[in-house]
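This report concerns only the one structure given below.
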Amino acid sequence: MDEKQLEKWAIEWIGKNVDPYCYCYHHIDHVRMFVADVTEFGRASHVSDEELSLLRSAGWLHDVGYALDPKFHEEKSACVAQKLLGNFGYTSEEIQQIVELILATRLTAVPKNLPEKLMRDADLGWLGGDDFAGHLSLLRLELERNGKSFTDLEFWRFEADFLKNVAYFSVAAEQLRGKGLIRNRAWVDEQLRQLENSKGATR
């Protein structure tokens, strides 16, 4: 398999086909961050070089579906992988593994093995990162540009509710980002508390 050529294809394809205005968060920077995180978590989990290459390959393709059907982008990304990867020397077995890894990034999916856990954790690795606030601002902007507008109070409640249900699946991600997740969850809760208090004071 030619992972480097796949990376080059993904960067070029996303740049040409995924609208950076509508998807200012789910664009190439997020994909690069995902690949970096899945690499970090995978190495910390002592997966083999071959497994790590499959994880990175799935990472490069996991969000290309935003250009095809944003609502079902994981399924569309998996379809792209199914059709494309043979061109880069991936075997049928490797292709099937990558398809399953991409589908594992669905929020409703329950990861059934370590590689799938690492994929889920990489997709939400930023929630425990140092630039959480910056990524969150981009995500809010993306949601608004796609028709989901919030008042400030609505947004902080939305994010606080989401973070309550987030936990990392792999030991590696928990060790590397768990404390950051707790810190960022507390920060969101504080933003919400301050906003709720200020709203109450104006009544």
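Chains: A, B, ... in order of the structure tokens. Residues: from 1 per chain. Ligands: from 1, in order shown.
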Extract, using only C-alpha atoms, all DNA, RNA and protein residues at most 6 Å from segment 124-135 of chain A, discarding same-chain residues fewer than 2 positions from it, and format them as JSON, numbers by chain. {"A": [121, 122, 137, 138, 177, 180, 181]}
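The list of residues with at least one atom within 6 Å of segment 166-174 of chain A, based on only C-alpha atoms and without residues fewer than 4 positions apart in the same chain, reads Phe41, Ala44, Ser45, Lys117, Asp121 and Gly178 of chain A.
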Between atom CA of Leu54 of chain A and atom CA of Leu84 of chain A, what distance in Å does the model show, to one decimal? 14.3 Å
What does the structure give for the distance between atom CA of Leu141 of chain A and atom CA of Tyr21 of chain A, in Å to one decimal? 9.4 Å
Looking only at alpha helix (DSSP H) from DSSP on the backbone, list the matching residues of segment 1-152 of chain A as a ChimeraX atom specification. /A:3-17,28-44,49-61,73-84,92-103,114-123,132-145,152
Suppose we keep C-alpha atoms; can you now write the selection as an mmCIF file, in the first residue's frame?
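Saved to part06.cif:
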```cif
data_model
loop_
_atom_site.group_PDB
_atom_site.id
_atom_site.type_symbol
_atom_site.label_atom_id
_atom_site.label_comp_id
_atom_site.auth_asym_id
_atom_site.auth_seq_id
_atom_site.Cartn_x
_atom_site.Cartn_y
_atom_site.Cartn_z
ATOM 1 C CA GLU A 3 0.144 5.553 2.141
ATOM 2 C CA LYS A 4 2.114 8.642 1.046
ATOM 3 C CA GLN A 5 0.336 8.812 -2.308
ATOM 4 C CA LEU A 6 -2.999 8.355 -0.546
ATOM 5 C CA GLU A 7 -2.154 11.257 1.764
ATOM 6 C CA LYS A 8 -1.309 13.433 -1.239
ATOM 7 C CA TRP A 9 -4.567 12.450 -2.974
ATOM 8 C CA ALA A 10 -6.646 13.158 0.138
ATOM 9 C CA ILE A 11 -5.158 16.614 0.730
ATOM 10 C CA GLU A 12 -5.690 17.606 -2.903
ATOM 11 C CA TRP A 13 -9.197 16.128 -3.101
ATOM 12 C CA ILE A 14 -10.405 17.708 0.129
ATOM 13 C CA GLY A 15 -8.949 21.053 -0.949
ATOM 14 C CA LYS A 16 -10.850 20.928 -4.239
ATOM 15 C CA ASN A 17 -14.126 19.344 -3.132
ATOM 16 C CA ILE A 28 -7.903 19.600 6.003
ATOM 17 C CA ASP A 29 -6.595 20.943 9.327
ATOM 18 C CA HIS A 30 -8.971 18.632 11.200
ATOM 19 C CA VAL A 31 -7.879 15.700 9.033
ATOM 20 C CA ARG A 32 -4.197 16.423 9.688
ATOM 21 C CA MET A 33 -4.942 16.725 13.415
ATOM 22 C CA PHE A 34 -6.827 13.423 13.310
ATOM 23 C CA VAL A 35 -3.914 11.643 11.620
ATOM 24 C CA ALA A 36 -1.452 13.117 14.123
ATOM 25 C CA ASP A 37 -3.628 12.024 17.048
ATOM 26 C CA VAL A 38 -4.296 8.508 15.767
ATOM 27 C CA THR A 39 -0.545 8.147 15.198
ATOM 28 C CA GLU A 40 0.236 9.340 18.735
ATOM 29 C CA PHE A 41 -2.436 7.157 20.334
ATOM 30 C CA GLY A 42 -1.484 4.173 18.173
ATOM 31 C CA ARG A 43 2.205 4.363 19.059
ATOM 32 C CA ALA A 44 1.362 4.736 22.745
ATOM 33 C CA ASP A 49 3.560 -0.465 11.940
ATOM 34 C CA GLU A 50 1.075 -2.113 9.563
ATOM 35 C CA GLU A 51 -1.857 -1.354 11.876
ATOM 36 C CA LEU A 52 -0.632 2.216 12.265
ATOM 37 C CA SER A 53 -0.509 2.651 8.500
ATOM 38 C CA LEU A 54 -4.091 1.384 8.189
ATOM 39 C CA LEU A 55 -5.206 3.800 10.920
ATOM 40 C CA ARG A 56 -3.535 6.746 9.196
ATOM 41 C CA SER A 57 -4.983 5.708 5.837
ATOM 42 C CA ALA A 58 -8.467 5.603 7.326
ATOM 43 C CA GLY A 59 -7.797 8.964 8.936
ATOM 44 C CA TRP A 60 -6.938 10.628 5.629
ATOM 45 C CA LEU A 61 -10.242 9.462 4.148
ATOM 46 C CA HIS A 73 -20.460 11.497 5.600
ATOM 47 C CA GLU A 74 -18.967 8.425 7.291
ATOM 48 C CA GLU A 75 -20.827 6.042 4.985
ATOM 49 C CA LYS A 76 -19.883 8.127 1.937
ATOM 50 C CA SER A 77 -16.252 8.239 3.066
ATOM 51 C CA ALA A 78 -16.295 4.454 3.410
ATOM 52 C CA CYS A 79 -17.664 4.144 -0.135
ATOM 53 C CA VAL A 80 -14.861 6.346 -1.457
ATOM 54 C CA ALA A 81 -12.323 4.163 0.344
ATOM 55 C CA GLN A 82 -13.884 1.012 -1.103
ATOM 56 C CA LYS A 83 -13.575 2.304 -4.656
ATOM 57 C CA LEU A 84 -10.291 4.180 -4.359
ATOM 58 C CA SER A 92 -9.006 -6.304 -0.468
ATOM 59 C CA GLU A 93 -8.451 -7.266 3.179
ATOM 60 C CA GLU A 94 -6.769 -3.934 3.945
ATOM 61 C CA ILE A 95 -9.561 -2.053 2.189
ATOM 62 C CA GLN A 96 -12.208 -3.812 4.267
ATOM 63 C CA GLN A 97 -10.304 -3.008 7.456
ATOM 64 C CA ILE A 98 -10.106 0.670 6.493
ATOM 65 C CA VAL A 99 -13.809 0.768 5.629
ATOM 66 C CA GLU A 100 -14.619 -0.609 9.076
ATOM 67 C CA LEU A 101 -12.265 1.895 10.725
ATOM 68 C CA ILE A 102 -13.977 4.805 8.959
ATOM 69 C CA LEU A 103 -17.440 3.583 9.942
ATOM 70 C CA LEU A 114 -8.455 -1.397 19.753
ATOM 71 C CA PRO A 115 -8.048 0.109 16.247
ATOM 72 C CA GLU A 116 -11.689 1.219 16.233
ATOM 73 C CA LYS A 117 -11.247 2.700 19.712
ATOM 74 C CA LEU A 118 -8.217 4.624 18.483
ATOM 75 C CA MET A 119 -10.210 6.006 15.539
ATOM 76 C CA ARG A 120 -13.002 7.230 17.808
ATOM 77 C CA ASP A 121 -10.494 8.771 20.196
ATOM 78 C CA ALA A 122 -8.581 10.525 17.410
ATOM 79 C CA ASP A 123 -11.783 12.077 16.072
ATOM 80 C CA PHE A 132 -9.822 23.330 22.608
ATOM 81 C CA ALA A 133 -11.323 26.834 22.595
ATOM 82 C CA GLY A 134 -10.059 27.605 19.096
ATOM 83 C CA HIS A 135 -11.382 24.379 17.616
ATOM 84 C CA LEU A 136 -14.691 24.851 19.413
ATOM 85 C CA SER A 137 -15.116 28.312 17.893
ATOM 86 C CA LEU A 138 -14.550 26.864 14.426
ATOM 87 C CA LEU A 139 -17.044 24.081 15.061
ATOM 88 C CA ARG A 140 -19.685 26.577 16.198
ATOM 89 C CA LEU A 141 -19.082 28.670 13.093
ATOM 90 C CA GLU A 142 -19.418 25.587 10.889
ATOM 91 C CA LEU A 143 -22.693 24.625 12.553
ATOM 92 C CA GLU A 144 -24.060 28.131 12.063
ATOM 93 C CA ARG A 145 -23.013 28.230 8.406
ATOM 94 C CA ASP A 152 -24.613 32.021 23.411
#
```
Quick one: residues within 10 Å of Val188 of chain A, only C-alpha atoms counted, chain neighbours fewer than 2 positions away excluded, as a VMD selection string? chain A and resid 133 156 to 157 159 to 161 163 183 to 186 190 to 194
Correct to one decimal, the distance atom CA of Tyr25 of chain A-atom CA of Asn146 of chain A is 11.7 Å
